[in-house]
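J.: The structure under discussion is supplied below as structure tokens; questions concerning it will follow.
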Amino acid sequence: MEINLKEYLVIIKKRLWLVVVIVFICTALTAVYSTNNYKPLYQASTKLIVNKIGEKDQMGKERIDYGAIGTNLALMNTYKEIIKTPAIMDKVVQRYPDINLSAEQLSYITTVSDLHETQLMTIIVQYYSHEQAVKIVNAVSDVFQAEIPKIMKVDNITILNRAKLQDDPLPINKKSNQYIILSFVASLLVSIGIIILLESLDDTLKTDQDIRQAMDLTTIAYIPKIKKKELKSPKKKKFRTHTGDENYAKTIH
């Protein structure tokens, strides 16, 4: 049976209880799931500089080798890749067994970035424990600084600042109601779609127009729907008799 667009509101209103039930259940389940599966993610970072001081001048002061600065900048991308290789991560696992992570896991949670056209590098670690994130990023920085002279035959890494524990760290993934809102909207649309589908599959005859279309007959008469209260017999009216002073005939002797 085809549904007229004007009847949508009536159809939804008739089965509004179904919409409420579906939306409530889906939204509640999503809220419970989001709350139970939320894990705060913390971030810690260290900053390093790639720099090499040149030889001392005649006054005994160290002078900067500006030619080496260009070389250091060219090595930045190489250093960024070396940090995440087993050559560094395996050493971190060996020297810091209390981290309880494999080299592959360390590489996955570690990110290395550089500031464009500078000699600065930042090592970032994201983990579900703030204390553990600080420990891991400091361990990676220390091992990288110690191992790079053996790998590249040059000692030009200096740690500018180390990660420190914070008294009240804030997670980088704050709780969000995004999934709950999406669940509410999706369940609302789905429930309305189900109602329209059920109404479309319902082939019972409800109106005179349905009868005319199904039987190709003309409607002659209507049988109105009678409410229950209309079936009750009307209450009998009670008539009150008004009695006045009556005159009685006296017997004549």
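Quick note on naming: the chains in the structure tokens go A, B, ... in the order shown, residues restart at 1 in each chain, and ligands are numbered from 1 in order of appearance.
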Which residues in region 62-193 of chain A does DSSP call alpha helix (DSSP H)? List them as a PyMOL selection string.

T.: chain A and resi 66-83+86-95+103-109+130-152+178-193

J.: Using only C-alpha atoms, I'd like a table of the residues in region 109-186 of chain A that come within 6 Å of region 19-37 of chain A; for each, show the closest atom pair and its distance in Å rounded to one decimal, ordered by chain and ascending number, as CSV.

T.:
residue,atom,partner,partner_atom,distance
A:Ile180,CA,A:Thr30,CA,5.8
A:Ser183,CA,A:Thr27,CA,5.6
A:Phe184,CA,A:Thr27,CA,5.4

J.: Between CA of Val10 (chain A) and CA of Gly193 (chain A), what is the distance in Å, rounded to a tenth?

T.: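 Interatomic distance, CA of Val10 (chain A) to CA of Gly193 (chain A): 14.1 Å.
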
J.: Write down as a list in words the residues of region 59-153 of chain A whose backbone DSSP state falls under strand (DSSP E or B).

T.: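 Strand (DSSP E or B) members of region 59-153 of chain A, listed: Glu62, Arg63, Ile64, Thr110, Thr111, Val112, Ser113, Asp114, Leu120, Met121, Thr122, Ile123, Ile124, Val125, Gln126 and Tyr127 of chain A.
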
J.: With N, CA and C atoms kept, could you save the residues just selected as a PDB file, in the first residue's frame?

T.:
ATOM      1  N   GLU A  62      85.456  27.781  22.073  1.00  0.00           N
ATOM      2  CA  GLU A  62      84.923  26.924  21.030  1.00  0.00           C
ATOM      3  C   GLU A  62      84.134  27.770  20.047  1.00  0.00           C
ATOM      4  N   ARG A  63      84.310  27.465  18.794  1.00  0.00           N
ATOM      5  CA  ARG A  63      83.609  28.209  17.752  1.00  0.00           C
ATOM      6  C   ARG A  63      82.669  27.270  17.002  1.00  0.00           C
ATOM      7  N   ILE A  64      81.599  27.872  16.517  1.00  0.00           N
ATOM      8  CA  ILE A  64      80.586  27.095  15.818  1.00  0.00           C
ATOM      9  C   ILE A  64      81.019  26.857  14.380  1.00  0.00           C
ATOM     10  N   THR A 110      55.718   5.737  19.663  1.00  0.00           N
ATOM     11  CA  THR A 110      56.717   6.815  19.621  1.00  0.00           C
ATOM     12  C   THR A 110      56.613   7.578  18.308  1.00  0.00           C
ATOM     13  N   THR A 111      56.631   8.897  18.424  1.00  0.00           N
ATOM     14  CA  THR A 111      56.602   9.769  17.249  1.00  0.00           C
ATOM     15  C   THR A 111      57.762  10.748  17.338  1.00  0.00           C
ATOM     16  N   VAL A 112      58.404  10.987  16.200  1.00  0.00           N
ATOM     17  CA  VAL A 112      59.538  11.924  16.148  1.00  0.00           C
ATOM     18  C   VAL A 112      59.206  13.021  15.146  1.00  0.00           C
ATOM     19  N   SER A 113      59.360  14.249  15.577  1.00  0.00           N
ATOM     20  CA  SER A 113      59.094  15.381  14.689  1.00  0.00           C
ATOM     21  C   SER A 113      60.229  16.388  14.806  1.00  0.00           C
ATOM     22  N   ASP A 114      60.317  17.256  13.797  1.00  0.00           N
ATOM     23  CA  ASP A 114      61.340  18.303  13.812  1.00  0.00           C
ATOM     24  C   ASP A 114      60.703  19.627  13.438  1.00  0.00           C
ATOM     25  N   LEU A 120      66.257  21.289  15.887  1.00  0.00           N
ATOM     26  CA  LEU A 120      65.535  20.759  17.032  1.00  0.00           C
ATOM     27  C   LEU A 120      64.696  19.545  16.630  1.00  0.00           C
ATOM     28  N   MET A 121      64.692  18.557  17.498  1.00  0.00           N
ATOM     29  CA  MET A 121      63.888  17.353  17.315  1.00  0.00           C
ATOM     30  C   MET A 121      63.056  17.122  18.574  1.00  0.00           C
ATOM     31  N   THR A 122      61.870  16.601  18.395  1.00  0.00           N
ATOM     32  CA  THR A 122      60.998  16.299  19.523  1.00  0.00           C
ATOM     33  C   THR A 122      60.583  14.829  19.457  1.00  0.00           C
ATOM     34  N   ILE A 123      60.809  14.125  20.558  1.00  0.00           N
ATOM     35  CA  ILE A 123      60.371  12.735  20.667  1.00  0.00           C
ATOM     36  C   ILE A 123      59.120  12.718  21.531  1.00  0.00           C
ATOM     37  N   ILE A 124      58.051  12.152  21.005  1.00  0.00           N
ATOM     38  CA  ILE A 124      56.752  12.140  21.684  1.00  0.00           C
ATOM     39  C   ILE A 124      56.311  10.693  21.900  1.00  0.00           C
ATOM     40  N   VAL A 125      55.825  10.416  23.105  1.00  0.00           N
ATOM     41  CA  VAL A 125      55.303   9.091  23.431  1.00  0.00           C
ATOM     42  C   VAL A 125      53.896   9.265  23.992  1.00  0.00           C
ATOM     43  N   GLN A 126      52.972   8.461  23.477  1.00  0.00           N
ATOM     44  CA  GLN A 126      51.590   8.458  23.978  1.00  0.00           C
ATOM     45  C   GLN A 126      51.291   7.095  24.593  1.00  0.00           C
ATOM     46  N   TYR A 127      50.806   7.145  25.850  1.00  0.00           N
ATOM     47  CA  TYR A 127      50.537   5.893  26.560  1.00  0.00           C
ATOM     48  C   TYR A 127      49.372   6.110  27.518  1.00  0.00           C
TER      49      TYR A 127
END

J.: Report, in Å to a single decimal, how far apart CA of Ala133 (chain A) and CA of Ile99 (chain A) are.

T.: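 Separation of CA of Ile99 (chain A) and CA of Ala133 (chain A): 9.5 Å.
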
J.: To one decimal in Å, tell me the separation between CA of Thr78 (chain A) and CA of Ala163 (chain A).

T.: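 Taking CA of Thr78 (chain A) as the start and CA of Ala163 (chain A) as the end point, the length is 23.2 Å.
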
J.: I'd like the contact shell of Glu104 (chain A) - 10 Å cut-off, only C-alpha atoms, skipping same-chain residues fewer than 5 positions apart - returned as a PyMOL selection string.

T.: chain A and resi 84-86+89-90+109

J.: Just N, CA and C atoms for this one: save the residues we selected as an mmCIF file, in the first residue's frame.

T.:
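And here's out06.cif as it stands now:
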data_model
loop_
_atom_site.group_PDB
_atom_site.id
_atom_site.type_symbol
_atom_site.label_atom_id
_atom_site.label_comp_id
_atom_site.auth_asym_id
_atom_site.auth_seq_id
_atom_site.Cartn_x
_atom_site.Cartn_y
_atom_site.Cartn_z
ATOM 1 N N LYS A 84 63.305 5.013 15.501
ATOM 2 C CA LYS A 84 62.231 4.022 15.532
ATOM 3 C C LYS A 84 62.660 2.639 15.025
ATOM 4 N N THR A 85 63.941 2.477 14.754
ATOM 5 C CA THR A 85 64.441 1.189 14.286
ATOM 6 C C THR A 85 64.800 0.289 15.467
ATOM 7 N N PRO A 86 64.914 -1.039 15.225
ATOM 8 C CA PRO A 86 65.323 -1.960 16.307
ATOM 9 C C PRO A 86 66.681 -1.618 16.912
ATOM 10 N N MET A 89 65.279 0.781 19.596
ATOM 11 C CA MET A 89 64.179 0.239 20.401
ATOM 12 C C MET A 89 64.575 -1.042 21.134
ATOM 13 N N ASP A 90 65.377 -1.898 20.491
ATOM 14 C CA ASP A 90 65.840 -3.113 21.180
ATOM 15 C C ASP A 90 66.707 -2.770 22.385
ATOM 16 N N ILE A 109 54.139 3.543 19.581
ATOM 17 C CA ILE A 109 53.665 4.649 20.425
ATOM 18 C C ILE A 109 54.613 5.848 20.410
#

J.: Would you pick out the contacts of Ile195 (chain A) at 9 Å or less, using only C-alpha atoms, so that residues sharing its chain but fewer than 3 positions from it are not included, and give the list as a list of chain:residue names?

T.: A:Ile11, A:Ile12, A:Arg15, A:Leu16, A:Leu18, A:Val19, A:Val190, A:Ser191, A:Ile192, A:Leu198, A:Glu199, A:Ser200

J.: Can you build me a table of region 77-112 of chain A residues sitting at most 9 Å from region 139-156 of chain A, with the closest atom pair per residue and its distance in Å to one decimal, using only C-alpha atoms, sorted by chain and residue number, as a Markdown table?

T.:
| residue | atom | partner | partner_atom | distance |
| --- | --- | --- | --- | --- |
| A:Tyr79 | CA | A:Ile148 | CA | 8.4 |
| A:Ile82 | CA | A:Phe144 | CA | 8.6 |
| A:Ile83 | CA | A:Phe144 | CA | 6.5 |
| A:Ala87 | CA | A:Glu147 | CA | 8.4 |
| A:Ile88 | CA | A:Phe144 | CA | 6.2 |
| A:Met89 | CA | A:Val140 | CA | 7.3 |
| A:Lys91 | CA | A:Val143 | CA | 6.9 |
| A:Val92 | CA | A:Val140 | CA | 6.2 |
| A:Arg95 | CA | A:Ala139 | CA | 8.6 |
| A:Tyr96 | CA | A:Ala139 | CA | 7.4 |
| A:Leu106 | CA | A:Val140 | CA | 9.0 |
| A:Thr110 | CA | A:Val140 | CA | 8.9 |

J.: Point out the residue among A:Lys47, A:Lys6, A:Lys14, A:Lys39 with the least atom-to-atom distance to Ile172 (chain A), counting only C-alpha atoms.

T.: A:Lys39

J.: I need the residue nearest Glu7 (chain A) from this list: A:Met215, A:Ile196, A:Val50, A:Leu201. Use only C-alpha atoms for the distance.

T.: A:Ile196

J.: Which residue out of A:Gln43, A:Gln166, A:Gln94, A:Thr118 has the minimum interatomic distance to Leu75 (chain A) when only C-alpha atoms are used?

T.: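 Closest residue, counting only C-alpha atoms: A:Thr118.
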